[in-house]
Amino acid sequence: MIIRPMIIKVSDIPDEGLTIERAALADAPFSDPAWRLDGLSLRLERDRLDVLAQGEIRATVPQMCGRCLEPFGARVTAGVDVRVVPRPATGDIVELAPDDLDVEFYEKDELDLNVLVETETTLALPMKPLCREDCLGLCPVCGGNRNVVTCGCRDRAPDPRLAVLKDLAARRSR
Ligand SMILES: [Zn+2]
Ligand SMILES: [Zn+2]
């Protein structure tokens, strides 16, 4: 699969703004072909040299469940509200308005939409991915996936430290 850059010329963005829908993007906006773009709606507006990008990206991204360690496709919805500014010369300081949460850069009048989509999607990935809200995770005793197997293990392995304390208590009471 060939990944085509999706370049928007900043100077080409009309005064009334530009709306970009899913169909306008290449099949593979992500550098990882396993990532899938499910939906996209972006609005680009120029603010002098800056570009304000707002909208939503929906994607399915392979993740590993934090509880059962199984791979699954995480559905990600990224709300986009980002100011894309010309990349400053090295050493320059970019002055940001206080309400700007996200800032990205473009170079030479070219805004790479694929990069924007990938960055925003990455930022929206879950910190602790779960294959499902009620994932039962792995059994701490036998390591079995409790979503798949019902093992006969007790809920918790006996804590060896607790066993030592009980032993001490038993000796003292003698
Ligand atoms: Zn899981
Ligand atoms: Zn078990």
# chains A, B, ... in the order shown; residues from 1 in each chain; ligands from 1
>>> select_by_dssp(residues="region 68-157 of chain A", states="helix (DSSP H, G or I)", output="list in words")
Leu113, Asn114, Val115, Leu116, Val117, Glu118, Thr119, Glu120, Thr121, Thr122 and Leu123 of chain A
>>> write_last_selection(atoms="N, CA and C atoms", output="mmCIF file, in the first residue's frame")
data_model
loop_
_atom_site.group_PDB
_atom_site.id
_atom_site.type_symbol
_atom_site.label_atom_id
_atom_site.label_comp_id
_atom_site.auth_asym_id
_atom_site.auth_seq_id
_atom_site.Cartn_x
_atom_site.Cartn_y
_atom_site.Cartn_z
ATOM 1 N N LEU A 113 -1.580 16.788 6.094
ATOM 2 C CA LEU A 113 -2.783 16.349 6.796
ATOM 3 C C LEU A 113 -2.613 14.959 7.413
ATOM 4 N N ASN A 114 -1.845 14.106 6.735
ATOM 5 C CA ASN A 114 -1.629 12.763 7.275
ATOM 6 C C ASN A 114 -0.902 12.833 8.615
ATOM 7 N N VAL A 115 0.077 13.713 8.706
ATOM 8 C CA VAL A 115 0.814 13.874 9.957
ATOM 9 C C VAL A 115 -0.116 14.394 11.053
ATOM 10 N N LEU A 116 -0.937 15.357 10.676
ATOM 11 C CA LEU A 116 -1.886 15.923 11.643
ATOM 12 C C LEU A 116 -2.834 14.836 12.160
ATOM 13 N N VAL A 117 -3.370 14.046 11.231
ATOM 14 C CA VAL A 117 -4.322 12.988 11.609
ATOM 15 C C VAL A 117 -3.633 11.950 12.495
ATOM 16 N N GLU A 118 -2.419 11.584 12.131
ATOM 17 C CA GLU A 118 -1.710 10.567 12.912
ATOM 18 C C GLU A 118 -1.367 11.083 14.314
ATOM 19 N N THR A 119 -0.893 12.326 14.386
ATOM 20 C CA THR A 119 -0.526 12.894 15.683
ATOM 21 C C THR A 119 -1.739 12.996 16.597
ATOM 22 N N GLU A 120 -2.833 13.511 16.059
ATOM 23 C CA GLU A 120 -4.032 13.696 16.885
ATOM 24 C C GLU A 120 -4.599 12.345 17.330
ATOM 25 N N THR A 121 -4.530 11.361 16.456
ATOM 26 C CA THR A 121 -5.018 10.025 16.819
ATOM 27 C C THR A 121 -4.133 9.428 17.917
ATOM 28 N N THR A 122 -2.821 9.599 17.780
ATOM 29 C CA THR A 122 -1.887 9.072 18.776
ATOM 30 C C THR A 122 -2.160 9.700 20.140
ATOM 31 N N LEU A 123 -2.435 11.008 20.147
ATOM 32 C CA LEU A 123 -2.699 11.701 21.407
ATOM 33 C C LEU A 123 -3.975 11.193 22.072
#
>>> residues_near_ligand(ligand="ligand 2", cutoff="9 Å", atoms="only C-alpha atoms and all ligand atoms", output="PyMOL selection string")
chain A and resi 138-146+149-155
>>> write_last_selection(atoms="C-alpha atoms", output="PDB file, in the first residue's frame")
ATOM      1  CA  LEU A 138      -5.437 -12.828  34.001  1.00  0.00           C
ATOM      2  CA  CYS A 139      -5.629 -15.182  36.948  1.00  0.00           C
ATOM      3  CA  PRO A 140      -2.782 -14.212  39.296  1.00  0.00           C
ATOM      4  CA  VAL A 141      -2.268 -17.849  40.220  1.00  0.00           C
ATOM      5  CA  CYS A 142      -2.224 -19.767  36.945  1.00  0.00           C
ATOM      6  CA  GLY A 143      -1.978 -16.879  34.476  1.00  0.00           C
ATOM      7  CA  GLY A 144      -5.022 -18.051  32.538  1.00  0.00           C
ATOM      8  CA  ASN A 145      -7.163 -15.528  30.697  1.00  0.00           C
ATOM      9  CA  ARG A 146     -10.306 -15.367  32.804  1.00  0.00           C
ATOM     10  CA  VAL A 149     -11.160 -20.022  30.846  1.00  0.00           C
ATOM     11  CA  THR A 150     -12.688 -20.473  34.246  1.00  0.00           C
ATOM     12  CA  CYS A 151      -9.845 -21.891  36.233  1.00  0.00           C
ATOM     13  CA  GLY A 152     -10.332 -23.479  39.616  1.00  0.00           C
ATOM     14  CA  CYS A 153      -7.866 -21.181  41.358  1.00  0.00           C
ATOM     15  CA  ARG A 154      -8.908 -19.239  44.415  1.00  0.00           C
ATOM     16  CA  ASP A 155      -9.375 -15.544  43.807  1.00  0.00           C
TER      17      ASP A 155
END
>>> residues_around(residues="Met64 (chain A)", least_positions_apart="2", cutoff="9 Å", atoms="only C-alpha atoms", output="PyMOL selection string")
chain A and resi 62+66-74+129-131
>>> select_by_dssp(residues="region 106-166 of chain A", states="strand (DSSP E)", output="PyMOL selection string")
chain A and resi 106+110-112
>>> write_last_selection(atoms="N, CA and C atoms", output="PDB file, in the first residue's frame")
ATOM      1  N   TYR A 106       3.832  23.561  10.748  1.00  0.00           N
ATOM      2  CA  TYR A 106       3.940  23.252   9.325  1.00  0.00           C
ATOM      3  C   TYR A 106       5.146  23.984   8.778  1.00  0.00           C
ATOM      4  N   GLU A 110       3.255  24.257   3.659  1.00  0.00           N
ATOM      5  CA  GLU A 110       2.657  22.943   3.438  1.00  0.00           C
ATOM      6  C   GLU A 110       2.232  22.301   4.747  1.00  0.00           C
ATOM      7  N   LEU A 111       0.939  22.045   4.841  1.00  0.00           N
ATOM      8  CA  LEU A 111       0.404  21.367   6.011  1.00  0.00           C
ATOM      9  C   LEU A 111       0.125  19.914   5.614  1.00  0.00           C
ATOM     10  N   ASP A 112       0.858  18.992   6.242  1.00  0.00           N
ATOM     11  CA  ASP A 112       0.679  17.569   5.923  1.00  0.00           C
ATOM     12  C   ASP A 112      -0.471  17.016   6.764  1.00  0.00           C
TER      13      ASP A 112
END
>>> closest_residue(among="A:Ala170, A:Phe105, A:Ala78, A:Cys65", to="ligand 1", atoms="only C-alpha atoms and all ligand atoms")
A:Cys65
>>> residues_around(residues="Leu37 (chain A)", least_positions_apart="5", cutoff="7 Å", atoms="only C-alpha atoms", output="PyMOL selection string")
chain A and resi 58-60
>>> write_last_selection(atoms="C-alpha atoms", output="PDB file, in the first residue's frame")
ATOM      1  CA  ARG A  58     -12.349   8.174  14.376  1.00  0.00           C
ATOM      2  CA  ALA A  59      -9.931   5.309  14.017  1.00  0.00           C
ATOM      3  CA  THR A  60      -9.344   1.712  15.014  1.00  0.00           C
TER       4      THR A  60
END
>>> atom_distance(atom1="CA of Val80 (chain A)", atom2="CA of Ile57 (chain A)")
7.3 Å
>>> atom_distance(atom1="CA of Met6 (chain A)", atom2="CA of Ile20 (chain A)")
11.2 Å
>>> closest_residue(among="A:Val148, A:Trp35, A:Glu21, A:Arg75", to="Cys135 (chain A)", atoms="only C-alpha atoms")
A:Val148
>>> atom_distance(atom1="CA of Gly55 (chain A)", atom2="CA of Lys128 (chain A)")
24.3 Å
>>> residues_around(residues="Val103 (chain A)", least_positions_apart="4", cutoff="6 Å", atoms="only C-alpha atoms", output="JSON, numbers by chain")
{"A": [82, 83, 84]}
>>> write_last_selection(atoms="C-alpha atoms", output="tab-separated table (two decimals), in the first residue's frame")
chain	number	residue	atom	x	y	z
A	82	VAL	CA	-5.25	22.43	17.26
A	83	ARG	CA	-3.40	25.49	16.06
A	84	VAL	CA	-0.87	24.75	13.35
